[in-house]
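Report on the structure given below.
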Amino acid sequence: MAAQPGGPAPTPTARRPVPAWSEWLGTAVRLGLAVVWGWAGLAKVSDPAEAAQAVRAYEILPEGLVKPIGYGLPFLELALALLLVAGLGVRLVAAVSALLLLVFIAGISSAWARGISIDCGCFGGGGHVDESRTEYLQEILRDTGFLVLAGWLLWRPRTRLSADARLAS
(Lines give C-alpha, C1' and ligand atoms only; values in the text may rest on other atoms or scores of the structure.)
Protein backbone atom coordinates (compact mmCIF):
# COMPACT_ATOMS: atom_id res chain seq x y z
CA MET A 1 0.00 0.00 0.00
CA ALA A 2 1.48 3.35 -1.04
CA ALA A 3 0.96 6.55 0.88
CA GLN A 4 -1.26 9.18 -0.71
CA PRO A 5 0.46 12.49 -1.33
CA GLY A 6 -0.02 14.53 1.78
CA GLY A 7 -1.62 11.55 3.58
CA PRO A 8 -0.31 9.40 6.42
CA ALA A 9 2.54 7.00 5.76
CA PRO A 10 1.55 3.35 5.57
CA THR A 11 2.04 1.42 8.78
CA PRO A 12 4.25 -1.64 8.67
CA THR A 13 2.43 -4.92 8.98
CA ALA A 14 2.54 -6.01 12.57
CA ARG A 15 4.08 -9.40 13.14
CA ARG A 16 1.61 -11.64 14.88
CA PRO A 17 3.03 -13.24 17.99
CA VAL A 18 3.46 -16.99 17.94
CA PRO A 19 1.18 -18.60 20.53
CA ALA A 20 2.99 -20.16 23.50
CA TRP A 21 1.42 -23.58 22.82
CA SER A 22 2.94 -23.50 19.34
CA GLU A 23 6.41 -22.92 20.75
CA TRP A 24 5.98 -25.76 23.24
CA LEU A 25 4.64 -28.08 20.54
CA GLY A 26 7.59 -27.05 18.38
CA THR A 27 9.92 -27.94 21.23
CA ALA A 28 8.39 -31.42 21.48
CA VAL A 29 8.64 -31.83 17.70
CA ARG A 30 12.26 -30.61 17.69
CA LEU A 31 13.27 -32.98 20.48
CA GLY A 32 11.31 -35.86 18.94
CA LEU A 33 13.10 -35.43 15.62
CA ALA A 34 16.40 -35.18 17.54
CA VAL A 35 15.70 -38.58 19.11
CA VAL A 36 15.02 -40.05 15.67
CA TRP A 37 18.28 -38.73 14.20
CA GLY A 38 20.25 -39.65 17.33
CA TRP A 39 18.87 -43.19 17.36
CA ALA A 40 19.55 -43.64 13.64
CA GLY A 41 23.08 -42.24 13.86
CA LEU A 42 24.09 -44.14 17.00
CA ALA A 43 22.76 -47.41 15.57
CA LYS A 44 25.07 -47.05 12.55
CA VAL A 45 28.15 -45.21 13.76
CA SER A 46 29.68 -48.21 15.54
CA ASP A 47 29.69 -50.35 12.38
CA PRO A 48 30.43 -48.21 9.33
CA ALA A 49 30.97 -51.26 7.10
CA GLU A 50 27.43 -52.42 7.86
CA ALA A 51 26.12 -48.92 7.15
CA ALA A 52 27.92 -48.96 3.80
CA GLN A 53 26.43 -52.39 3.05
CA ALA A 54 22.95 -50.98 3.71
CA VAL A 55 23.64 -48.17 1.23
CA ARG A 56 25.00 -50.67 -1.32
CA ALA A 57 21.86 -52.83 -1.05
CA TYR A 58 19.73 -50.10 -2.63
CA GLU A 59 21.70 -50.56 -5.87
CA ILE A 60 21.37 -46.88 -6.73
CA LEU A 61 24.78 -45.28 -6.14
CA PRO A 62 28.02 -46.01 -7.93
CA GLU A 63 30.37 -48.10 -5.80
CA GLY A 64 32.70 -45.13 -5.36
CA LEU A 65 30.01 -43.28 -3.37
CA VAL A 66 28.82 -46.20 -1.24
CA LYS A 67 31.52 -46.00 1.44
CA PRO A 68 31.64 -42.20 1.77
CA ILE A 69 27.85 -42.07 2.17
CA GLY A 70 27.63 -45.17 4.37
CA TYR A 71 30.43 -43.96 6.61
CA GLY A 72 29.37 -40.30 6.64
CA LEU A 73 25.60 -40.60 7.03
CA PRO A 74 25.67 -41.61 10.72
CA PHE A 75 27.75 -38.52 11.54
CA LEU A 76 25.35 -36.27 9.63
CA GLU A 77 22.43 -37.82 11.53
CA LEU A 78 24.21 -37.29 14.85
CA ALA A 79 25.02 -33.69 13.94
CA LEU A 80 21.36 -33.05 13.09
CA ALA A 81 20.36 -34.60 16.42
CA LEU A 82 22.77 -32.42 18.40
CA LEU A 83 21.72 -29.23 16.61
CA LEU A 84 18.06 -30.05 17.25
CA VAL A 85 18.67 -30.77 20.93
CA ALA A 86 20.47 -27.43 21.23
CA GLY A 87 17.83 -25.70 19.12
CA LEU A 88 20.50 -24.12 16.95
CA GLY A 89 19.64 -23.32 13.33
CA VAL A 90 16.29 -25.06 13.67
CA ARG A 91 14.87 -23.99 10.30
CA LEU A 92 18.05 -24.97 8.44
CA VAL A 93 18.29 -28.30 10.28
CA ALA A 94 14.61 -28.93 9.50
CA ALA A 95 15.28 -28.24 5.81
CA VAL A 96 18.24 -30.65 5.74
CA SER A 97 16.13 -33.20 7.64
CA ALA A 98 13.26 -32.86 5.17
CA LEU A 99 15.61 -33.25 2.20
CA LEU A 100 17.26 -36.30 3.75
CA LEU A 101 13.89 -37.87 4.54
CA LEU A 102 12.72 -37.29 0.97
CA VAL A 103 15.87 -39.06 -0.27
CA PHE A 104 15.18 -41.96 2.11
CA ILE A 105 11.55 -42.21 0.97
CA ALA A 106 12.66 -42.12 -2.67
CA GLY A 107 15.29 -44.81 -2.03
CA ILE A 108 12.87 -47.13 -0.26
CA SER A 109 10.23 -46.55 -2.95
CA SER A 110 12.81 -47.27 -5.66
CA ALA A 111 13.89 -50.54 -4.05
CA TRP A 112 10.25 -51.57 -3.64
CA ALA A 113 9.38 -50.68 -7.25
CA ARG A 114 12.41 -52.58 -8.59
CA GLY A 115 11.59 -55.68 -6.52
CA ILE A 116 14.76 -55.53 -4.43
CA SER A 117 14.25 -57.22 -1.05
CA ILE A 118 16.13 -55.19 1.54
CA ASP A 119 15.92 -53.95 5.10
CA CYS A 120 16.21 -50.17 4.82
CA GLY A 121 19.06 -49.95 7.33
CA CYS A 122 17.53 -46.78 8.74
CA PHE A 123 18.26 -47.75 12.34
CA GLY A 124 21.20 -50.07 11.83
CA GLY A 125 21.48 -53.33 9.99
CA GLY A 126 20.27 -53.16 6.44
CA GLY A 127 21.07 -55.11 3.36
CA HIS A 128 19.35 -57.89 1.46
CA VAL A 129 16.65 -59.87 3.26
CA ASP A 130 14.05 -62.45 2.35
CA GLU A 131 11.10 -60.92 0.50
CA SER A 132 8.78 -61.84 3.38
CA ARG A 133 10.79 -59.57 5.72
CA THR A 134 10.46 -56.35 3.71
CA GLU A 135 8.44 -53.56 5.30
CA TYR A 136 8.47 -50.89 2.61
CA LEU A 137 5.05 -49.40 3.28
CA GLN A 138 5.69 -49.10 7.03
CA GLU A 139 9.12 -47.55 6.39
CA ILE A 140 7.70 -45.03 3.92
CA LEU A 141 4.84 -44.12 6.28
CA ARG A 142 7.25 -43.78 9.21
CA ASP A 143 9.58 -41.52 7.23
CA THR A 144 6.59 -39.52 5.99
CA GLY A 145 5.63 -38.96 9.63
CA PHE A 146 9.16 -37.73 10.36
CA LEU A 147 8.89 -35.52 7.26
CA VAL A 148 5.76 -33.94 8.76
CA LEU A 149 7.76 -33.16 11.92
CA ALA A 150 10.49 -31.53 9.84
CA GLY A 151 7.80 -29.60 7.93
CA TRP A 152 6.37 -28.27 11.20
CA LEU A 153 9.82 -26.96 12.15
CA LEU A 154 10.23 -25.36 8.74
CA TRP A 155 6.91 -23.60 9.23
CA ARG A 156 7.36 -22.78 12.92
CA PRO A 157 11.05 -22.92 13.82
CA ARG A 158 10.60 -20.85 16.98
CA THR A 159 10.68 -23.20 19.95
CA ARG A 160 11.23 -22.96 23.68
CA LEU A 161 14.49 -23.90 25.37
CA SER A 162 16.52 -23.32 22.21
CA ALA A 163 19.75 -21.60 21.36
CA ASP A 164 17.92 -19.79 18.56
CA ALA A 165 15.52 -18.21 21.07
CA ARG A 166 18.41 -17.25 23.32
CA LEU A 167 20.31 -15.65 20.45
CA ALA A 168 17.22 -13.74 19.29
CA SER A 169 16.66 -12.09 22.69
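Identifiers in this document derive from the order of the C-alpha coordinates: chains are assigned A, B, ..., residues are numbered from 1 separately in each chain, and ligands are numbered from 1 in order of occurrence.
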Hey, what's within 9 Å of A:Leu80 if we count only C-alpha atoms and toss same-chain stuff fewer than 5 positions away? As a ChimeraX atom specification, please? /A:33-34,37-38,75,85,93-94,96-97
With N, CA and C atoms retained, could you export that selection as a PDB file, in the first residue's frame?
```pdb
ATOM      1  N   LEU A  33      12.296 -35.218  16.822  1.00  0.00           N
ATOM      2  CA  LEU A  33      13.103 -35.426  15.622  1.00  0.00           C
ATOM      3  C   LEU A  33      14.569 -35.641  15.997  1.00  0.00           C
ATOM      4  N   ALA A  34      15.027 -34.975  17.055  1.00  0.00           N
ATOM      5  CA  ALA A  34      16.399 -35.181  17.538  1.00  0.00           C
ATOM      6  C   ALA A  34      16.598 -36.623  17.988  1.00  0.00           C
ATOM      7  N   TRP A  37      16.954 -38.835  14.819  1.00  0.00           N
ATOM      8  CA  TRP A  37      18.283 -38.729  14.202  1.00  0.00           C
ATOM      9  C   TRP A  37      19.361 -39.321  15.103  1.00  0.00           C
ATOM     10  N   GLY A  38      19.259 -39.089  16.404  1.00  0.00           N
ATOM     11  CA  GLY A  38      20.246 -39.646  17.331  1.00  0.00           C
ATOM     12  C   GLY A  38      20.220 -41.163  17.339  1.00  0.00           C
ATOM     13  N   PHE A  75      27.248 -39.757  10.923  1.00  0.00           N
ATOM     14  CA  PHE A  75      27.754 -38.524  11.537  1.00  0.00           C
ATOM     15  C   PHE A  75      26.859 -37.338  11.198  1.00  0.00           C
ATOM     16  N   VAL A  85      18.721 -30.801  19.457  1.00  0.00           N
ATOM     17  CA  VAL A  85      18.673 -30.772  20.925  1.00  0.00           C
ATOM     18  C   VAL A  85      19.025 -29.374  21.418  1.00  0.00           C
ATOM     19  N   VAL A  93      18.220 -26.875   9.939  1.00  0.00           N
ATOM     20  CA  VAL A  93      18.293 -28.301  10.276  1.00  0.00           C
ATOM     21  C   VAL A  93      17.017 -29.009   9.824  1.00  0.00           C
ATOM     22  N   ALA A  94      15.875 -28.352   9.971  1.00  0.00           N
ATOM     23  CA  ALA A  94      14.613 -28.930   9.505  1.00  0.00           C
ATOM     24  C   ALA A  94      14.628 -29.101   7.992  1.00  0.00           C
ATOM     25  N   VAL A  96      17.332 -29.535   6.041  1.00  0.00           N
ATOM     26  CA  VAL A  96      18.239 -30.648   5.738  1.00  0.00           C
ATOM     27  C   VAL A  96      17.557 -31.971   6.091  1.00  0.00           C
ATOM     28  N   SER A  97      16.854 -31.993   7.224  1.00  0.00           N
ATOM     29  CA  SER A  97      16.127 -33.201   7.636  1.00  0.00           C
ATOM     30  C   SER A  97      15.080 -33.578   6.594  1.00  0.00           C
TER      31      SER A  97
END
```
Would you list the contacts of A:Leu154 as a list in words, taking every protein, DNA or RNA residue within 10 Å and counting only C-alpha atoms, but skipping same-chain residues closer than 5 positions in sequence? Val90, Arg91, Leu92, Val93, Ala94, Ala95, Ser97, Ala98, Val148 and Leu149 of chain A
Save the residues we just selected, N, CA, C and O atoms, as an mmCIF file, in the first residue's frame?
```cif
data_model
loop_
_atom_site.group_PDB
_atom_site.id
_atom_site.type_symbol
_atom_site.label_atom_id
_atom_site.label_comp_id
_atom_site.auth_asym_id
_atom_site.auth_seq_id
_atom_site.Cartn_x
_atom_site.Cartn_y
_atom_site.Cartn_z
ATOM 1 N N VAL A 90 17.414 -24.123 13.774
ATOM 2 C CA VAL A 90 16.293 -25.061 13.671
ATOM 3 C C VAL A 90 15.713 -25.111 12.255
ATOM 4 O O VAL A 90 15.490 -26.199 11.719
ATOM 5 N N ARG A 91 15.468 -23.977 11.633
ATOM 6 C CA ARG A 91 14.871 -23.988 10.295
ATOM 7 C C ARG A 91 15.803 -24.658 9.291
ATOM 8 O O ARG A 91 15.372 -25.459 8.473
ATOM 9 N N LEU A 92 17.085 -24.354 9.350
ATOM 10 C CA LEU A 92 18.048 -24.967 8.440
ATOM 11 C C LEU A 92 18.150 -26.472 8.683
ATOM 12 O O LEU A 92 18.156 -27.269 7.739
ATOM 13 N N VAL A 93 18.220 -26.875 9.939
ATOM 14 C CA VAL A 93 18.293 -28.301 10.276
ATOM 15 C C VAL A 93 17.017 -29.009 9.824
ATOM 16 O O VAL A 93 17.067 -30.131 9.316
ATOM 17 N N ALA A 94 15.875 -28.352 9.971
ATOM 18 C CA ALA A 94 14.613 -28.930 9.505
ATOM 19 C C ALA A 94 14.628 -29.101 7.992
ATOM 20 O O ALA A 94 14.143 -30.115 7.463
ATOM 21 N N ALA A 95 15.194 -28.142 7.275
ATOM 22 C CA ALA A 95 15.276 -28.239 5.813
ATOM 23 C C ALA A 95 16.178 -29.397 5.393
ATOM 24 O O ALA A 95 15.828 -30.178 4.495
ATOM 25 N N SER A 97 16.854 -31.993 7.224
ATOM 26 C CA SER A 97 16.127 -33.201 7.636
ATOM 27 C C SER A 97 15.080 -33.578 6.594
ATOM 28 O O SER A 97 14.961 -34.748 6.208
ATOM 29 N N ALA A 98 14.307 -32.598 6.148
ATOM 30 C CA ALA A 98 13.259 -32.856 5.165
ATOM 31 C C ALA A 98 13.868 -33.390 3.865
ATOM 32 O O ALA A 98 13.361 -34.367 3.287
ATOM 33 N N VAL A 148 6.749 -34.879 8.230
ATOM 34 C CA VAL A 148 5.757 -33.938 8.762
ATOM 35 C C VAL A 148 6.356 -33.160 9.940
ATOM 36 O O VAL A 148 6.163 -31.946 10.052
ATOM 37 N N LEU A 149 7.106 -33.844 10.801
ATOM 38 C CA LEU A 149 7.761 -33.156 11.920
ATOM 39 C C LEU A 149 8.745 -32.101 11.406
ATOM 40 O O LEU A 149 8.764 -30.970 11.896
#
```
Picked from chain A by DSSP as alpha helix (DSSP H), as an MDAnalysis selection string: chainID A and resid 20:45 48:57 63:86 90:113 136:155 163:168
Distance table requested - stretch 3-80 of chain A against stretch 129-139 of chain A, cut-off 12 Å, only C-alpha atoms: one row per qualifying residue with the closest atom pair and its distance in Å to one decimal, ordered by chain and rising residue number, as a tab-separated table.
```
residue	atom	partner	partner_atom	distance
A:Ala54	CA	A:Val129	CA	10.9
A:Ala57	CA	A:Val129	CA	9.8
A:Tyr58	CA	A:Val129	CA	11.8
```
Can I get the selected residues back with N, CA, C and O atoms, as a short mmCIF file (atom, residue, chain, number, x, y, z; two decimals), in the first residue's frame?
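Writing the result to part-v1.cif gives the following:
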```cif
data_model
loop_
_atom_site.label_atom_id
_atom_site.label_comp_id
_atom_site.auth_asym_id
_atom_site.auth_seq_id
_atom_site.Cartn_x
_atom_site.Cartn_y
_atom_site.Cartn_z
N ALA A 54 24.36 -51.38 3.83
CA ALA A 54 22.95 -50.98 3.71
C ALA A 54 22.77 -50.03 2.53
O ALA A 54 21.81 -50.14 1.78
N ALA A 57 23.01 -51.96 -0.77
CA ALA A 57 21.86 -52.83 -1.05
C ALA A 57 20.79 -52.14 -1.88
O ALA A 57 20.03 -52.81 -2.59
N TYR A 58 20.73 -50.83 -1.84
CA TYR A 58 19.73 -50.10 -2.63
C TYR A 58 20.03 -50.14 -4.13
O TYR A 58 19.16 -49.87 -4.96
#
```
Taking 4 positions as the minimum chain separation for residues in the same chain, which residues sit within 8 Å of stretch 39-48 of chain A when counting only C-alpha atoms? Answer as a VMD selection string. chain A and resid 35 52 70 to 71 73 to 78 122 to 125
One decimal, Å: what's the distance from atom CA of A:Val36 over to atom CA of A:Ala81, could you say?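 Rounded to one decimal, the two atoms are 7.7 Å apart.
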